[in-house]
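File shown: model11.txt. Contents: compact mmCIF, C-alpha atoms.
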# COMPACT_ATOMS: atom_id res chain seq x y z
CA MET S 19 4.46 -14.89 15.16
CA THR S 20 5.72 -11.50 14.05
CA THR S 21 3.56 -9.75 11.47
CA ALA S 22 4.96 -6.90 9.39
CA LEU S 23 2.77 -3.99 8.36
CA ILE S 24 3.60 -2.97 4.78
CA VAL S 25 2.47 0.64 4.16
CA ILE S 26 2.67 1.29 0.43
CA ASP S 27 3.06 4.65 -1.32
CA VAL S 28 1.18 6.87 1.13
CA GLN S 29 2.53 9.95 -0.62
CA ARG S 30 1.37 13.55 -1.02
CA GLY S 31 1.33 13.30 -4.80
CA PHE S 32 -1.83 11.21 -4.63
CA ASP S 33 -3.68 14.32 -3.41
CA ASP S 34 -3.30 15.86 -6.88
CA THR S 35 -6.89 15.40 -8.11
CA GLU S 36 -6.15 17.16 -11.41
CA PHE S 37 -3.59 14.45 -12.20
CA TRP S 38 -5.37 11.39 -10.75
CA GLY S 39 -9.07 12.25 -10.88
CA LYS S 40 -11.85 11.12 -8.56
CA ARG S 41 -10.90 8.76 -5.73
CA ASN S 42 -12.82 6.49 -3.41
CA ASN S 43 -12.61 5.67 0.31
CA PRO S 44 -12.02 8.99 2.07
CA ASP S 45 -11.37 7.03 5.30
CA ALA S 46 -8.29 5.23 3.94
CA GLU S 47 -5.68 7.51 5.52
CA ALA S 48 -7.39 7.40 8.93
CA ASN S 49 -7.48 3.58 8.75
CA ILE S 50 -3.83 3.46 7.71
CA ARG S 51 -2.98 5.61 10.72
CA LEU S 52 -4.95 3.29 13.04
CA LEU S 53 -2.96 0.31 11.75
CA ILE S 54 0.34 2.16 12.19
CA GLU S 55 -0.54 3.16 15.76
CA ALA S 56 -1.45 -0.44 16.62
CA TRP S 57 1.85 -1.73 15.18
CA GLN S 58 3.80 0.92 17.07
CA ARG S 59 2.09 -0.02 20.36
CA ARG S 60 2.82 -3.72 19.76
CA ARG S 61 6.38 -2.96 18.66
CA GLU S 62 5.79 -4.97 15.50
CA PRO S 63 7.78 -4.17 12.33
CA ILE S 64 6.57 -1.45 9.98
CA VAL S 65 7.81 -1.25 6.40
CA LEU S 66 7.25 2.00 4.52
CA VAL S 67 7.33 1.91 0.74
CA ARG S 68 7.84 4.97 -1.47
CA HIS S 69 7.20 5.14 -5.20
CA ASN S 70 9.86 7.14 -7.05
CA SER S 71 8.24 7.63 -10.42
CA ALA S 72 10.48 7.95 -13.46
CA LYS S 73 7.67 9.56 -15.48
CA PRO S 74 8.43 13.25 -16.08
CA ASP S 75 4.85 14.43 -15.48
CA SER S 76 4.22 12.35 -12.34
CA PRO S 77 3.65 14.08 -9.00
CA LEU S 78 5.52 11.12 -7.44
CA ARG S 79 8.89 12.02 -9.00
CA PRO S 80 11.81 12.29 -6.56
CA GLY S 81 12.59 15.86 -5.61
CA GLN S 82 8.94 16.91 -5.85
CA GLU S 83 6.72 17.65 -2.83
CA GLY S 84 4.40 14.88 -4.06
CA ASN S 85 7.13 12.31 -3.48
CA GLU S 86 7.03 13.01 0.28
CA PHE S 87 4.95 10.88 2.64
CA LYS S 88 1.52 12.14 3.68
CA PRO S 89 1.08 13.64 7.19
CA GLU S 90 -0.49 10.38 8.42
CA LEU S 91 3.02 8.93 8.38
CA ASP S 92 4.53 11.77 10.43
CA GLY S 93 6.45 10.42 13.40
CA VAL S 94 6.77 6.92 11.93
CA THR S 95 10.26 5.51 11.98
CA PRO S 96 10.11 2.46 9.74
CA ASP S 97 11.95 -0.72 10.54
CA PHE S 98 12.65 -0.93 6.81
CA LEU S 99 12.20 1.54 3.95
CA VAL S 100 11.76 0.44 0.35
CA ASP S 101 12.20 2.84 -2.56
CA LYS S 102 10.82 1.57 -5.85
CA SER S 103 9.98 2.72 -9.35
CA VAL S 104 7.81 -0.30 -10.23
CA HIS S 105 4.55 -1.62 -8.79
CA SER S 106 5.73 -4.30 -6.34
CA ALA S 107 7.61 -3.46 -3.14
CA PHE S 108 9.33 -6.82 -3.65
CA HIS S 109 11.07 -5.34 -6.71
CA GLY S 110 12.35 -2.18 -5.04
CA GLU S 111 15.88 -0.89 -4.65
CA GLN S 112 16.06 -2.60 -1.25
CA ASP S 113 15.42 -6.35 -0.95
CA LEU S 114 12.19 -6.64 1.03
CA HIS S 115 11.99 -10.41 0.66
CA ALA S 116 15.51 -10.90 2.08
CA TRP S 117 14.80 -8.49 4.96
CA LEU S 118 11.62 -10.36 5.90
CA ARG S 119 13.27 -13.79 5.62
CA GLU S 120 16.24 -12.73 7.77
CA ARG S 121 13.77 -11.87 10.53
CA GLY S 122 11.62 -14.96 10.11
CA ILE S 123 8.58 -12.88 9.16
CA THR S 124 6.04 -14.93 7.25
CA LYS S 125 2.88 -12.90 7.79
CA LEU S 126 2.17 -9.49 6.23
CA VAL S 127 -0.59 -6.91 6.44
CA THR S 128 -0.74 -4.70 3.34
CA CYS S 129 -2.32 -1.26 2.98
CA GLY S 130 -1.75 2.00 1.11
CA ILE S 131 -2.19 3.52 -2.32
CA GLN S 132 -3.37 2.46 -4.93
CA THR S 133 -5.78 -0.37 -4.29
CA ASN S 134 -5.33 -1.82 -7.79
CA ARG S 135 -1.75 -0.90 -8.52
CA CYS S 136 1.09 -1.09 -6.02
CA VAL S 137 -0.86 -2.52 -3.07
CA GLU S 138 -2.43 -5.23 -5.20
CA THR S 139 0.83 -6.04 -7.00
CA THR S 140 2.85 -6.22 -3.78
CA THR S 141 0.18 -8.49 -2.31
CA ARG S 142 0.17 -10.78 -5.35
CA VAL S 143 3.95 -11.10 -5.42
CA GLY S 144 4.05 -11.65 -1.66
CA GLY S 145 1.39 -14.34 -1.94
CA ASP S 146 3.35 -16.06 -4.69
CA LEU S 147 6.46 -15.94 -2.47
CA GLY S 148 4.55 -17.84 0.21
CA TYR S 149 3.69 -15.09 2.69
CA GLU S 150 0.41 -15.23 4.59
CA ILE S 151 -1.14 -11.87 3.77
CA GLU S 152 -4.05 -9.81 5.04
CA TYR S 153 -4.99 -7.14 2.51
CA VAL S 154 -6.80 -4.34 4.36
CA LEU S 155 -9.19 -3.07 1.69
CA ASP S 156 -10.57 -0.13 3.71
CA ALA S 157 -6.99 1.08 4.28
CA THR S 158 -6.47 1.57 0.53
CA PHE S 159 -7.90 3.86 -2.11
CA THR S 160 -7.82 4.22 -5.86
CA PHE S 161 -9.21 6.38 -8.64
CA ASP S 162 -11.82 6.13 -11.37
CA GLU S 163 -10.29 4.85 -14.61
CA THR S 164 -11.22 4.92 -18.26
CA ALA S 165 -11.58 1.47 -19.82
CA GLN S 166 -10.29 0.58 -23.27
CA ASP S 167 -13.81 1.16 -24.68
CA GLY S 168 -13.95 4.69 -23.24
CA SER S 169 -16.35 3.89 -20.41
CA VAL S 170 -15.52 4.96 -16.85
CA VAL S 171 -14.91 2.28 -14.25
CA THR S 172 -15.46 3.75 -10.80
CA ALA S 173 -12.89 3.44 -8.06
CA ASP S 174 -15.41 1.50 -5.97
CA GLU S 175 -15.92 -1.00 -8.81
CA ILE S 176 -12.16 -1.39 -9.19
CA ALA S 177 -11.74 -1.99 -5.44
CA ARG S 178 -14.49 -4.62 -5.48
CA VAL S 179 -12.84 -6.52 -8.34
CA VAL S 180 -9.41 -6.33 -6.67
CA ALA S 181 -10.93 -7.81 -3.50
CA VAL S 182 -12.50 -10.66 -5.48
CA ASN S 183 -9.25 -11.38 -7.34
CA LEU S 184 -7.06 -11.38 -4.23
CA HIS S 185 -9.27 -13.07 -1.64
CA GLY S 186 -8.48 -16.74 -1.24
CA ASN S 187 -5.91 -16.65 -4.02
CA PHE S 188 -3.15 -14.31 -2.83
CA ALA S 189 -4.46 -13.00 0.49
CA LYS S 190 -7.29 -12.74 2.94
CA VAL S 191 -9.13 -9.51 2.16
CA THR S 192 -10.14 -7.89 5.42
CA SER S 193 -10.92 -4.61 7.19
CA THR S 194 -9.05 -2.37 9.62
CA ARG S 195 -11.50 -3.27 12.37
CA ALA S 196 -10.99 -7.00 11.85
CA VAL S 197 -7.20 -6.65 11.89
CA LEU S 198 -7.28 -4.60 15.10
CA THR S 199 -9.60 -6.93 17.07
Can the structure in the file be given as structure tokens, please?
Amino acid sequence: MTTALIVIDVQRGFDDTEFWGKRNNPDAEANIRLLIEAWQRRREPIVLVRHNSAKPDSPLRPGQEGNEFKPELDGVTPDFLVDKSVHSAFHGEQDLHAWLRERGITKLVTCGIQTNRCVETTTRVGGDLGYEIEYVLDATFTFDETAQDGSVVTADEIARVVAVNLHGNFAKVTSTRAVLT
């Protein structure tokens, strides 16, 4: 069975700590690269997803350096590229669902940025569409956030809750090591 690797929003703009704040999982990019290298060796399909923010202050706006992919994606020629301005890669400018169906791909491995935004949303939509998904938690990262009551929720707490919400409902939450063995 062919399994597509969906690499979501691994863009330079997420390095802007003044805009995003404190992040978790400093190993995420290295794990993403390990997954990409494995897919390239196996000649399995790789889908790259790019977020083209419409927000005027976002470092992910088209035409900005932050919209470019991070160096970990250098040398990657995707089998399919999705540009989007919303959270789910399934709602991008290109039709990811149709592309996967045309190739008979029913299994996906998701990774990228942010744990609780675009990677989670793509995984949820994909799960609802019937794909078998492995969500590689240690190949994602996110940022601390301020809750509605003003308290800070750490990126690690957010990642833990995302894993609980997804696992067994929309995907199998796993690790880079488990996917590669």
Residue nearest His115 (chain S) among S:Leu147, S:Ala173, S:Val182, S:Ile54 (counting only C-alpha atoms): S:Leu147
Give one line per residue of region 69-182 of chain S that approaches region 29-42 of chain S to at most 10 Å, naming the two atoms of the closest pair and their distance in Å to one decimal, counting only C-alpha atoms; sort by chain then ascending residue number and deliver it as a Markdown table.
| residue | atom | partner | partner_atom | distance |
| --- | --- | --- | --- | --- |
| S:His69 | CA | S:Gln29 | CA | 8.1 |
| S:Asp75 | CA | S:Phe37 | CA | 9.1 |
| S:Ser76 | CA | S:Phe37 | CA | 8.1 |
| S:Pro77 | CA | S:Gly31 | CA | 4.9 |
| S:Leu78 | CA | S:Gly31 | CA | 5.4 |
| S:Arg79 | CA | S:Gly31 | CA | 8.7 |
| S:Gln82 | CA | S:Gly31 | CA | 8.5 |
| S:Glu83 | CA | S:Arg30 | CA | 7.0 |
| S:Gly84 | CA | S:Gly31 | CA | 3.5 |
| S:Asn85 | CA | S:Gln29 | CA | 5.9 |
| S:Glu86 | CA | S:Gln29 | CA | 5.5 |
| S:Phe87 | CA | S:Gln29 | CA | 4.2 |
| S:Lys88 | CA | S:Arg30 | CA | 4.9 |
| S:Pro89 | CA | S:Arg30 | CA | 8.2 |
| S:Glu90 | CA | S:Gln29 | CA | 9.5 |
| S:Leu91 | CA | S:Gln29 | CA | 9.1 |
| S:Gly130 | CA | S:Gln29 | CA | 9.2 |
| S:Ile131 | CA | S:Phe32 | CA | 8.0 |
| S:Gln132 | CA | S:Phe32 | CA | 8.9 |
| S:Thr133 | CA | S:Asn42 | CA | 9.9 |
| S:Asp156 | CA | S:Asn42 | CA | 10.0 |
| S:Thr158 | CA | S:Asn42 | CA | 8.9 |
| S:Phe159 | CA | S:Asn42 | CA | 5.7 |
| S:Thr160 | CA | S:Arg41 | CA | 5.5 |
| S:Phe161 | CA | S:Arg41 | CA | 4.1 |
| S:Asp162 | CA | S:Lys40 | CA | 5.7 |
| S:Glu163 | CA | S:Gly39 | CA | 8.4 |
| S:Thr172 | CA | S:Asn42 | CA | 8.3 |
| S:Ala173 | CA | S:Asn42 | CA | 5.6 |
| S:Asp174 | CA | S:Asn42 | CA | 6.2 |
| S:Glu175 | CA | S:Asn42 | CA | 9.7 |
| S:Ile176 | CA | S:Asn42 | CA | 9.8 |
| S:Ala177 | CA | S:Asn42 | CA | 8.8 |
I'd like to know which of S:Arg119, S:His185, S:Lys102, S:Arg60 is closest to Tyr153 (chain S), using only C-alpha atoms. S:His185
Would you mind telling me which residue in S:Arg195, S:Lys190, S:Arg142, S:Arg61 lies nearest to Phe108 (chain S) when using all atoms listed in the file? S:Arg142
One decimal, in Å: what's the spacing between CA of Cys136 (chain S) and CA of Ala181 (chain S)?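 Distance between the two atoms: 14.0 Å.
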Give me the residues within 12 Å of Val127 (chain S) as an NGL selection string, counting only C-alpha atoms and dropping any in the same chain fewer than 3 places off. :S and (20-26 or 50 or 53-54 or 57 or 62-65 or 123-124 or 130 or 137-138 or 140-141 or 144-145 or 149-155 or 157-158 or 189-194 or 196-198)
For the atom pair CA of Asp45 (chain S) and CA of Asp101 (chain S), what is the interatomic distance in Å to one decimal place?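 Answer for the CA of Asp45 (chain S) to CA of Asp101 (chain S) separation: 25.2 Å.
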From the options S:Leu126, S:Ala107, S:Leu99, S:Ala165, which residue's atoms come nearest to Val143 (chain S), counting all atoms listed in the file?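 Closest candidate: S:Ala107.
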Pick from S:Ser71, S:Ser103, S:Thr199, S:Asn187, whichever lies nearest to Ala56 (chain S) using all atoms listed in the file: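 That would be S:Thr199, the residue with the smallest distance to Ala56 (chain S).
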Put the listed atoms of region 86-97 of chain S in a box along x, y and z with 8 Å added on every side and give me the centre and edge lengths in Å to one decimal, as AutoDock Vina command-line options.
--center_x 5.7 --center_y 6.5 --center_z 6.8 --size_x 28.4 --size_y 30.4 --size_z 29.1
So the first atom is CA of Asn49 (chain S) and the second is CA of Ala116 (chain S); what is the distance between them in Å, to one decimal place?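 Pair CA of Asn49 (chain S) / CA of Ala116 (chain S) returns 28.0 Å.
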Measuring between only C-alpha atoms, which one of S:Leu66, S:Asn134, S:Cys129, S:Val28 shows the shortest distance to Val179 (chain S)?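 Answer, going by the shortest atom-to-atom distance: S:Asn134.
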